[in-house]
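**Q** If it helps, the file is called model-v4.cif and holds mmCIF, C-alpha atoms and all ligand atoms:
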```cif
data_data
#
loop_
_atom_site.label_atom_id
_atom_site.label_comp_id
_atom_site.auth_asym_id
_atom_site.auth_seq_id
_atom_site.Cartn_x
_atom_site.Cartn_y
_atom_site.Cartn_z
CA MET A 284 9.82 37.03 -46.13
CA ALA A 285 8.67 40.43 -47.24
CA GLY A 286 10.65 43.67 -47.67
CA GLU A 287 9.70 44.79 -44.14
CA ASP A 288 11.14 41.60 -42.66
CA LEU A 289 14.36 42.13 -44.54
CA LYS A 290 14.69 45.58 -43.01
CA ASP A 291 14.19 44.08 -39.51
CA LEU A 292 16.80 41.46 -40.32
CA ALA A 293 19.28 44.15 -41.38
CA ASP A 294 18.54 46.18 -38.22
CA ARG A 295 19.17 43.17 -36.03
CA ALA A 296 22.35 42.25 -37.89
CA ALA A 297 23.70 45.79 -37.70
CA ALA A 298 23.08 45.91 -33.92
CA GLU A 299 24.71 42.52 -33.41
CA ILE A 300 27.69 43.44 -35.53
CA ALA A 301 28.18 46.76 -33.74
CA ALA A 302 28.25 44.86 -30.44
CA ALA A 303 30.80 42.22 -31.57
CA ALA A 304 33.44 42.21 -28.84
CA ASP A 305 36.32 40.88 -30.95
CA GLU A 306 37.32 39.62 -34.37
CA ALA A 307 35.99 36.12 -33.65
CA ALA A 308 32.52 37.42 -32.69
CA LEU A 309 32.54 39.62 -35.79
CA GLU A 310 33.39 36.69 -38.04
CA ALA A 311 30.61 34.61 -36.43
CA ALA A 312 28.11 37.39 -37.22
CA ARG A 313 29.31 37.62 -40.81
CA VAL A 314 28.81 33.89 -41.29
CA ARG A 315 25.38 34.09 -39.67
CA TYR A 316 24.11 36.73 -42.10
CA LEU A 317 26.22 36.51 -45.24
CA GLY A 318 27.65 32.99 -44.98
CA ARG A 319 27.33 31.18 -48.32
CA LYS A 320 25.76 28.03 -46.92
CA GLU A 321 23.26 29.06 -44.28
CA GLY A 322 23.62 32.79 -44.01
CA ALA A 323 20.23 34.48 -43.45
CA LEU A 324 20.58 36.70 -46.51
CA THR A 325 21.70 33.84 -48.67
CA GLU A 326 18.57 31.98 -47.67
CA ALA A 327 16.45 35.05 -48.39
CA THR A 328 18.02 35.38 -51.83
CA LYS A 329 17.01 31.86 -52.73
CA ARG A 330 13.44 32.76 -52.11
CA ILE A 331 13.26 35.25 -54.98
CA ALA A 332 12.59 32.51 -57.47
CA ALA A 333 9.34 31.53 -55.72
CA LEU A 334 7.86 35.05 -55.56
CA PRO A 335 5.12 36.29 -57.88
CA PRO A 336 6.69 38.49 -60.61
CA ASN A 337 5.15 41.75 -59.36
CA GLU A 338 6.76 41.39 -55.95
CA LYS A 339 10.21 40.56 -57.23
CA PRO A 340 11.53 44.11 -57.86
CA ALA A 341 10.66 45.45 -54.39
CA TYR A 342 11.98 42.35 -52.73
CA GLY A 343 15.20 42.49 -54.72
CA ALA A 344 15.72 46.12 -53.80
CA ALA A 345 15.13 45.40 -50.10
CA LEU A 346 17.55 42.51 -50.34
CA ASN A 347 20.27 44.65 -51.85
CA ASP A 348 19.72 47.30 -49.28
CA ALA A 349 20.02 44.78 -46.44
CA LYS A 350 23.22 43.35 -47.96
CA ARG A 351 24.75 46.78 -48.31
CA ARG A 352 23.90 47.78 -44.74
CA ILE A 353 25.24 44.55 -43.26
CA GLY A 354 28.42 44.81 -45.35
CA ALA A 355 28.96 48.39 -44.24
CA ALA A 356 28.35 47.45 -40.59
CA LEU A 357 30.93 44.64 -40.88
CA ASP A 358 33.53 46.98 -42.40
CA GLN A 359 32.99 49.62 -39.78
CA ARG A 360 33.16 47.28 -36.80
CA GLY A 361 36.18 45.49 -38.28
CA ALA A 362 38.09 48.74 -38.65
CA ALA A 363 37.19 49.80 -35.11
CA LEU A 364 38.33 46.48 -33.65
CA ARG A 365 41.70 46.61 -35.48
CA GLU A 366 42.28 50.15 -34.36
CA SER A 367 41.69 49.40 -30.69
CA ALA A 368 43.93 46.29 -30.91
CA LEU A 369 46.72 48.47 -32.31
CA ALA A 370 46.23 51.08 -29.62
CA ARG A 371 46.41 48.33 -26.99
CA ASP A 372 49.70 46.98 -28.43
CA LEU A 373 51.30 50.39 -28.63
CA GLY A 374 50.12 51.27 -25.15
CA GLY A 375 51.93 48.20 -23.80
CA GLU A 376 55.15 49.28 -25.48
CA ARG A 377 55.23 52.82 -24.28
CA GLU A 378 58.66 53.75 -22.84
CA ASP A 379 59.03 54.15 -19.16
CA MET A 380 60.77 57.50 -18.91
CA THR A 381 61.45 57.01 -15.24
CA LEU A 382 63.98 54.19 -15.87
CA PRO A 383 67.59 55.26 -15.35
CA PRO A 384 69.48 55.13 -18.68
CA ARG A 385 71.68 52.16 -19.49
CA ARG A 386 75.39 52.90 -19.05
CA VAL A 387 77.21 53.11 -22.36
CA ARG A 388 80.60 51.41 -22.13
CA VAL A 389 83.17 53.28 -24.16
CA GLY A 390 86.13 51.21 -25.27
CA ARG A 391 89.68 52.49 -25.14
CA LEU A 392 93.12 51.56 -26.34
CA HIS A 393 95.20 49.09 -24.38
CA PRO A 394 98.03 50.82 -22.47
CA ILE A 395 100.58 48.95 -24.61
CA THR A 396 98.89 50.18 -27.79
CA GLN A 397 98.82 53.68 -26.35
CA THR A 398 102.53 53.46 -25.62
CA ILE A 399 103.36 52.16 -29.10
CA ARG A 400 101.42 55.04 -30.65
CA GLU A 401 103.14 57.51 -28.39
CA VAL A 402 106.57 56.16 -29.40
CA SER A 403 105.60 56.37 -33.09
CA ARG A 404 104.27 59.87 -32.65
CA ILE A 405 107.38 61.15 -30.89
CA PHE A 406 109.83 59.63 -33.34
CA GLY A 407 107.55 60.93 -36.08
CA THR A 408 108.23 64.46 -34.85
CA LEU A 409 111.95 63.65 -35.27
CA GLY A 410 111.49 62.50 -38.86
CA PHE A 411 111.20 58.74 -38.30
CA GLU A 412 108.64 56.74 -40.25
CA THR A 413 106.91 53.85 -38.47
CA VAL A 414 107.17 50.47 -40.22
CA GLU A 415 106.37 46.95 -39.11
CA GLY A 416 107.87 43.55 -39.84
CA PRO A 417 107.24 39.84 -39.40
CA GLU A 418 107.05 38.36 -35.90
CA ILE A 419 108.10 34.97 -37.24
CA GLU A 420 111.55 35.54 -38.63
CA TRP A 421 114.31 33.75 -40.47
CA ASP A 422 117.30 32.79 -38.39
CA TYR A 423 119.23 34.83 -40.94
CA TYR A 424 117.63 38.18 -40.12
CA ASN A 425 117.27 37.60 -36.39
CA PHE A 426 120.90 36.49 -35.94
CA GLU A 427 123.19 35.91 -38.92
CA ALA A 428 122.74 39.27 -40.62
CA LEU A 429 123.32 40.95 -37.25
CA ASN A 430 126.75 39.39 -36.76
CA ILE A 431 125.43 36.57 -34.56
CA PRO A 432 126.37 33.36 -36.39
CA ALA A 433 125.51 29.90 -35.12
CA GLY A 434 127.50 29.17 -31.97
CA HIS A 435 127.90 32.84 -31.05
CA PRO A 436 127.52 33.26 -27.27
CA ALA A 437 125.02 36.11 -27.77
CA ARG A 438 122.51 33.52 -28.97
CA GLU A 439 122.33 32.10 -25.50
CA LYS A 440 120.72 35.16 -23.98
CA TRP A 441 118.15 35.12 -26.76
CA ASP A 442 116.80 31.62 -26.56
CA THR A 443 113.43 31.61 -28.23
CA LEU A 444 110.63 29.59 -29.76
CA TRP A 445 111.80 27.72 -32.83
CA ILE A 446 109.19 26.82 -35.36
CA SER A 447 109.19 23.90 -37.74
CA ASN A 448 109.50 25.49 -41.15
CA PRO A 449 106.21 25.31 -43.06
CA LEU A 450 108.11 26.04 -46.28
CA GLY A 451 109.71 22.61 -46.36
CA ASP A 452 111.62 22.29 -43.10
CA ASP A 453 114.86 23.29 -44.75
CA PRO A 454 117.24 22.96 -41.77
CA SER A 455 119.60 25.46 -43.34
CA ARG A 456 116.88 28.13 -43.09
CA PRO A 457 115.38 27.80 -39.61
CA ILE A 458 112.61 30.16 -38.46
CA LEU A 459 111.79 31.42 -35.01
CA GLY A 460 109.74 33.87 -33.01
CA ARG A 461 111.93 36.96 -33.40
CA THR A 462 113.79 37.76 -30.19
CA HIS A 463 114.03 41.46 -30.94
CA THR A 464 112.95 44.01 -33.53
CA SER A 465 116.54 44.46 -34.76
CA PRO A 466 116.08 42.10 -37.75
CA MET A 467 113.96 44.84 -39.29
CA GLN A 468 117.11 46.97 -39.54
CA VAL A 469 118.38 44.54 -42.15
CA ARG A 470 115.06 44.11 -43.94
CA VAL A 471 114.61 47.88 -44.28
CA MET A 472 118.17 48.43 -45.49
CA GLU A 473 117.79 45.66 -48.09
CA LYS A 474 114.67 47.30 -49.50
CA ARG A 475 115.57 50.99 -49.36
CA LYS A 476 118.34 53.37 -50.22
CA PRO A 477 119.70 55.88 -47.67
CA PRO A 478 118.74 58.23 -46.19
CA ILE A 479 116.71 56.01 -43.88
CA ARG A 480 114.88 56.94 -40.71
CA VAL A 481 112.49 54.32 -39.38
CA VAL A 482 111.07 53.24 -36.07
CA VAL A 483 109.74 49.68 -35.76
CA PRO A 484 107.39 48.73 -32.94
CA GLY A 485 106.55 45.05 -32.72
CA ARG A 486 105.99 41.87 -30.78
CA CYS A 487 108.96 39.69 -29.80
CA TYR A 488 109.39 36.27 -28.23
CA ARG A 489 111.82 34.78 -25.79
CA TYR A 490 111.96 31.51 -23.94
CA GLU A 491 111.69 33.15 -20.58
CA ALA A 492 110.27 32.45 -17.14
CA THR A 493 107.72 35.18 -16.48
CA ASP A 494 108.19 37.56 -13.58
CA ALA A 495 107.28 41.13 -12.64
CA ILE A 496 109.45 42.65 -15.37
CA ARG A 497 109.76 39.81 -17.91
CA GLU A 498 107.28 38.21 -20.27
CA SER A 499 107.98 35.59 -22.94
CA ILE A 500 105.88 37.62 -25.37
CA PHE A 501 106.57 41.34 -25.28
CA PHE A 502 107.00 44.44 -27.44
CA GLN A 503 110.05 46.37 -28.52
CA TYR A 504 110.64 49.47 -30.56
CA GLU A 505 113.62 49.65 -32.87
CA GLY A 506 115.08 52.76 -34.43
CA LEU A 507 117.37 52.99 -37.43
CA ALA A 508 118.90 55.99 -39.16
CA ILE A 509 121.30 55.71 -42.10
CA ASP A 510 122.82 58.70 -43.85
CA GLU A 511 126.12 60.11 -45.04
CA LYS A 512 127.36 61.98 -42.02
CA LEU A 513 125.68 60.43 -39.00
CA THR A 514 127.64 60.23 -35.75
CA MET A 515 127.14 59.18 -32.17
CA ALA A 516 126.11 62.79 -31.48
CA ASP A 517 123.04 62.32 -33.69
CA LEU A 518 122.17 59.17 -31.79
CA LYS A 519 122.49 60.97 -28.48
CA GLY A 520 120.48 63.96 -29.62
CA THR A 521 117.69 61.76 -30.96
CA LEU A 522 117.32 59.70 -27.79
CA TYR A 523 117.62 62.78 -25.65
CA ALA A 524 114.76 64.44 -27.50
CA PHE A 525 112.76 61.24 -27.13
CA ALA A 526 113.36 61.02 -23.35
CA ARG A 527 112.33 64.62 -22.86
CA GLN A 528 109.09 64.14 -24.77
CA VAL A 529 108.20 60.98 -22.85
CA PHE A 530 109.25 61.93 -19.35
CA GLY A 531 109.49 65.71 -19.23
CA SER A 532 111.67 68.55 -20.37
CA ASP A 533 114.31 68.38 -17.66
CA ARG A 534 115.25 64.71 -18.10
CA LYS A 535 118.87 63.72 -18.35
CA ILE A 536 120.18 60.68 -20.17
CA ARG A 537 123.19 58.52 -19.45
CA PHE A 538 125.21 56.56 -21.97
CA ARG A 539 127.36 53.69 -20.78
CA ILE A 540 129.49 51.44 -22.87
CA ASP A 541 127.86 48.12 -23.66
CA TYR A 542 128.23 45.32 -26.16
CA PHE A 543 125.95 44.28 -29.01
CA PRO A 544 127.27 42.28 -31.95
CA PHE A 545 125.56 44.50 -34.56
CA THR A 546 126.70 47.90 -33.33
CA GLU A 547 130.15 49.37 -32.81
CA PRO A 548 130.52 51.19 -30.54
CA SER A 549 127.52 50.07 -28.49
CA ALA A 550 125.92 51.73 -25.51
CA GLU A 551 123.21 51.29 -22.99
CA ILE A 552 121.05 54.29 -22.44
CA ALA A 553 119.34 55.21 -19.18
CA PHE A 554 117.02 58.07 -18.24
CA ASP A 555 117.47 59.76 -14.89
CA CYS A 556 114.59 58.80 -12.62
CA PHE A 557 111.60 61.06 -13.22
CA ALA A 558 110.00 59.90 -9.97
CA CYS A 559 112.75 60.63 -7.41
CA GLU A 560 115.41 62.37 -9.53
CA GLY A 561 117.96 60.22 -7.77
CA ARG A 562 117.05 61.41 -4.30
CA ASP A 563 115.08 58.46 -2.91
CA PRO A 564 117.17 55.38 -2.04
CA ALA A 565 113.92 53.36 -1.76
CA CYS A 566 112.34 54.69 -5.00
CA HIS A 567 109.78 52.24 -6.40
CA VAL A 568 110.62 53.29 -9.96
CA CYS A 569 114.42 53.22 -10.13
CA GLY A 570 115.07 51.16 -7.01
CA GLY A 571 117.25 53.92 -5.61
CA ASP A 572 119.70 53.79 -8.47
CA GLY A 573 118.57 57.17 -9.85
CA TRP A 574 118.67 55.80 -13.41
CA ILE A 575 116.22 53.78 -15.46
CA GLU A 576 117.76 51.56 -18.12
CA ALA A 577 115.75 52.09 -21.25
CA ALA A 578 117.40 50.84 -24.41
CA GLY A 579 120.42 49.44 -26.19
CA CYS A 580 121.94 51.47 -28.99
CA GLY A 581 125.03 52.11 -31.05
CA MET A 582 126.49 52.88 -34.46
CA VAL A 583 125.52 50.25 -37.03
CA HIS A 584 128.39 47.79 -37.44
CA PRO A 585 130.26 48.14 -40.78
CA ASP A 586 129.83 44.41 -41.43
CA VAL A 587 126.06 44.76 -41.15
CA LEU A 588 126.18 47.63 -43.65
CA ARG A 589 128.41 45.67 -46.03
CA ARG A 590 126.10 42.65 -45.90
CA VAL A 591 123.22 44.72 -47.33
CA GLY A 592 125.47 46.26 -49.95
CA TYR A 593 126.15 49.63 -48.35
CA ASP A 594 129.65 51.09 -48.40
CA PRO A 595 130.57 51.92 -44.78
CA SER A 596 132.95 54.65 -45.95
CA GLN A 597 129.98 56.43 -47.52
CA TYR A 598 127.12 55.59 -45.15
CA GLN A 599 126.97 55.45 -41.39
CA GLY A 600 124.02 54.91 -39.16
CA PHE A 601 122.79 54.55 -35.64
CA ALA A 602 120.31 52.15 -34.15
CA PHE A 603 118.51 51.72 -30.89
CA GLY A 604 116.07 49.26 -29.38
CA GLY A 605 114.07 49.29 -26.18
CA GLY A 606 111.13 47.65 -24.46
CA ILE A 607 107.62 48.98 -24.89
CA GLU A 608 106.32 47.43 -21.66
CA ARG A 609 109.15 49.07 -19.81
CA LEU A 610 108.05 52.46 -21.08
CA ALA A 611 104.41 51.64 -20.39
CA MET A 612 105.23 50.64 -16.81
CA LEU A 613 107.06 53.92 -16.31
CA ARG A 614 104.27 55.95 -17.91
CA THR A 615 101.44 54.28 -15.99
CA GLY A 616 103.19 53.36 -12.76
CA ALA A 617 102.32 49.67 -13.29
CA PRO A 618 104.23 47.61 -10.72
CA ASP A 619 104.06 44.34 -12.68
CA ILE A 620 104.31 43.67 -16.43
CA ARG A 621 101.81 40.83 -16.14
CA LEU A 622 99.03 43.29 -15.32
CA PHE A 623 99.03 44.35 -18.96
CA TYR A 624 98.17 40.88 -20.20
CA GLN A 625 95.73 39.52 -17.64
CA ASN A 626 93.01 41.50 -19.41
CA ASP A 627 91.30 42.49 -16.21
CA LEU A 628 89.17 45.44 -17.31
CA ARG A 629 89.18 46.90 -13.81
CA TYR A 630 92.90 47.41 -14.26
CA LEU A 631 93.04 48.33 -17.94
CA GLU A 632 90.15 50.81 -17.76
CA GLN A 633 92.25 53.14 -15.67
CA PHE A 634 94.28 54.22 -18.67
N1 LIG B 701 118.03 44.19 -29.96
C1 LIG B 701 118.65 44.43 -28.69
C2 LIG B 701 117.96 43.61 -27.61
O1 LIG B 701 116.97 43.05 -27.85
C3 LIG B 701 118.58 45.87 -28.32
C4 LIG B 701 119.41 46.75 -29.22
C5 LIG B 701 120.73 47.02 -28.93
C6 LIG B 701 118.88 47.27 -30.36
C7 LIG B 701 121.51 47.83 -29.71
C8 LIG B 701 119.66 48.10 -31.19
C9 LIG B 701 120.99 48.36 -30.84
O2 LIG B 701 119.19 48.64 -32.31
O3 LIG B 701 121.71 49.17 -31.66
O4 LIG B 701 118.43 43.56 -26.52
#
```
Please rewrite the model in this file as structure tokens.

**A**
Amino acid sequence: MAGEDLKDLADRAAAEIAAAADEAALEAARVRYLGRKEGALTEATKRIAALPPNEKPAYGAALNDAKRRIGAALDQRGAALRESALARDLGGEREDMTLPPRRVRVGRLHPITQTIREVSRIFGTLGFETVEGPEIEWDYYNFEALNIPAGHPAREKWDTLWISNPLGDDPSRPILGRTHTSPMQVRVMEKRKPPIRVVVPGRCYRYEATDAIRESIFFQYEGLAIDEKLTMADLKGTLYAFARQVFGSDRKIRFRIDYFPFTEPSAEIAFDCFACEGRDPACHVCGGDGWIEAAGCGMVHPDVLRRVGYDPSQYQGFAFGGGIERLAMLRTGAPDIRLFYQNDLRYLEQF
């Protein structure tokens, strides 16, 4: 094969390579011309040895030239094929701007959480700090320390879930799902020195058949203030300010005598009905009564103070406790407490 033939070979190879339709065809062409075993140029290279010495330089130069041209043609076609493959892939992924956007679902706080935060915020404006306590409580804090010893009739209305004691089942120290947030009164007083102003929202448990206004797991908020000259007037003023912030500036409150073992005197507080203001005998909010019972309250019993080491002649205090769901139902108009816990987003998303 002479130098002229090598040029023809390179021409043919370059044309073939330029026409390769895909990477596989390109690779086949490379093997055909440059392949180590039977590639056309490899074969041509072997022939050098048999040439007369005077022909060798020209032949070698033609050979190198052919190699270079074929190599360049392979590089060029390879790059072009990769580029068009990329363009094809990207083209397939192009966004369809005519599609309507996907709806972004924005989460929100549960109405009970909203109510707890509202209670904390309002009492915060009155100088009360929000604290939390254990839901699983010692019998001592839930009952004993609040003047409700074993056998006291008040225990009957607070039947609850008793838990076998993981700390050794010491029967003298039973534990239970707390039936109210009042035990935190004692825990806070044990830890702090007066003056004290705290509000305690938290989950409570009672062994209760569920109905439209009762759940066996529910939330309460507890308030406690201890200082040197606190009176029932401070209690009234505090709850009055609270009622007005929750239900509007012209709300009235009603105190009626009640009984709780850990306060003396004790009272039940009611707000006048914000829905009918006492004018609708068929009111869906107050049931025609004109008043909405909201919380229990009273002056902290001297025995409770003494038990935590406070001198009742120096310190007095008031306490109150009410239901969070109750407030949430009033705020949202929910007709049934169970709606809060069925977790039906169609209901909860309204708030
Ligand atoms: N803990 C009581 C209950 O669950 C409510 C209550 C009454 C709380 C009087 C108080 C209080 O702080 O002083 O029914």

**Q** Around ligand LIG 701 (chain B), at most 9 Å away and counting only C-alpha atoms and all ligand atoms, which residues are there? Put them as JSON, numbers by chain, please.

**A** {"A": [441, 462, 463, 464, 465, 466, 468, 487, 503, 504, 505, 506, 507, 541, 542, 543, 544, 545, 546, 547, 549, 550, 551, 578, 579, 580, 581, 582, 583, 584, 601, 602, 603, 604, 605, 606]}

**Q** Could you check which of A:Arg470, A:Arg295, A:His435, A:Arg388 is closest to A:Ala356, using all atoms listed in the file?

**A**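 For A:Ala356, the nearest of the candidates is A:Arg295.
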
**Q** How many Å separate atom CA of A:Gly485 from atom CA of A:Ala558?

**A**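 Result for atom CA of A:Gly485 versus atom CA of A:Ala558: 27.4 Å, one decimal.
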
**Q** To one decimal place, how far is atom CA of A:Asp494 from atom CA of A:Pro618 in Å?

**A**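 So the two atoms, atom CA of A:Asp494 and atom CA of A:Pro618, lie 11.2 Å apart.
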
**Q** From the set A:Glu366, A:Asp358, A:Asp379, A:Asp291, which residue has the shortest atom-to-atom contact distance to A:Leu346, counting only C-alpha atoms?

**A**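 Checking each of A:Glu366, A:Asp358, A:Asp379, A:Asp291 against A:Leu346, counting only C-alpha atoms, the winner is A:Asp291.
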
**Q** Would you work out the distance separating atom CA of A:Lys339 from atom CA of A:Thr325, expressed in Å to one decimal?

**A**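 Here the two named atoms are 15.8 Å from each other.
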
**Q** What lies within 7 Å of stretch 456-459 of chain A using only C-alpha atoms, ignoring chain neighbours under 3 positions off, as a ChimeraX atom specification?

**A** /A:419-422,443-446,448,453

**Q** Fewer than 6 positions away in the same chain doesn't count, so skip those; otherwise give me all residues within 8 Å of A:Ala495, counting only C-alpha atoms, as a PyMOL selection string.

**A** chain A and resi 618-621

**Q** Using only C-alpha atoms, which protein or nucleic acid residues come within 12 Å of A:Tyr342? Drop anything in the same chain fewer than 2 positions from it, and give the result as a ChimeraX atom specification.

**A** /A:284-290,327-340,344-349

**Q** Save out the residues we just selected, C-alpha atoms, as a short mmCIF file (atom, residue, chain, number, x, y, z; two decimals), in the coordinates of the input.

**A**
```cif
data_model
loop_
_atom_site.label_atom_id
_atom_site.label_comp_id
_atom_site.auth_asym_id
_atom_site.auth_seq_id
_atom_site.Cartn_x
_atom_site.Cartn_y
_atom_site.Cartn_z
CA MET A 284 9.82 37.03 -46.13
CA ALA A 285 8.67 40.43 -47.24
CA GLY A 286 10.65 43.67 -47.67
CA GLU A 287 9.70 44.79 -44.14
CA ASP A 288 11.14 41.60 -42.66
CA LEU A 289 14.36 42.13 -44.54
CA LYS A 290 14.69 45.58 -43.01
CA ALA A 327 16.45 35.05 -48.39
CA THR A 328 18.02 35.38 -51.83
CA LYS A 329 17.01 31.86 -52.73
CA ARG A 330 13.44 32.76 -52.11
CA ILE A 331 13.26 35.25 -54.98
CA ALA A 332 12.59 32.51 -57.47
CA ALA A 333 9.34 31.53 -55.72
CA LEU A 334 7.86 35.05 -55.56
CA PRO A 335 5.12 36.29 -57.88
CA PRO A 336 6.69 38.49 -60.61
CA ASN A 337 5.15 41.75 -59.36
CA GLU A 338 6.76 41.39 -55.95
CA LYS A 339 10.21 40.56 -57.23
CA PRO A 340 11.53 44.11 -57.86
CA ALA A 344 15.72 46.12 -53.80
CA ALA A 345 15.13 45.40 -50.10
CA LEU A 346 17.55 42.51 -50.34
CA ASN A 347 20.27 44.65 -51.85
CA ASP A 348 19.72 47.30 -49.28
CA ALA A 349 20.02 44.78 -46.44
#
```

**Q** My list of candidates is A:Phe525, A:Tyr490, A:Tyr624, A:Trp574. Which is closest to A:Arg537 when distances are computed with all atoms listed in the file?

**A**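 Checking each of A:Phe525, A:Tyr490, A:Tyr624, A:Trp574 against A:Arg537, counting all atoms listed in the file, the winner is A:Trp574.
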
**Q** Calculated over only C-alpha atoms, which of the candidates A:Gly343, A:Gly616, A:Pro432, A:Pro477 has the smallest distance to A:Leu588?

**A**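 Looking at the shortest contact to A:Leu588, the residue is A:Pro477.
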
**Q** Can you tell me which residues surround stretch 472-474 of chain A at a distance of at most 8 Å, considering all atoms listed in the file, apart from same-chain residues fewer than 4 positions away, and format the answer as a list in words?

**A**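 So, after excluding close chain neighbours, the residues are Gln468, Ile479, Val591 and Gly592 of chain A.
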
**Q** With all atoms listed in the file as the atoms that count, which of A:Val387, A:Ile496, A:Ala553, A:Ile395 lies nearest to A:Phe634?

**A** A:Ile395

**Q** Which of these, A:Arg461, A:Arg360, A:Arg480, A:Lys519, has the shortest distance to A:Ile500 once you count all atoms listed in the file?

**A**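 Between A:Arg461, A:Arg360, A:Arg480, A:Lys519, the residue approaching A:Ile500 most closely is A:Arg461.
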
**Q** Please build the interface table for stretch 463-561 of chain A against stretch 397-417 of chain A with a cut-off of 6 Å, listing for each qualifying residue the nearest atom pair and the distance in Å to one decimal; count only C-alpha atoms, order rows by chain and increasing number, and write it as JSON lines.

**A**
```
{"residue": "A:Arg480", "atom": "CA", "partner": "A:Phe411", "partner_atom": "CA", "distance": 4.8}
{"residue": "A:Val481", "atom": "CA", "partner": "A:Glu412", "partner_atom": "CA", "distance": 4.6}
{"residue": "A:Val482", "atom": "CA", "partner": "A:Thr413", "partner_atom": "CA", "distance": 4.8}
{"residue": "A:Val483", "atom": "CA", "partner": "A:Val414", "partner_atom": "CA", "distance": 5.2}
```
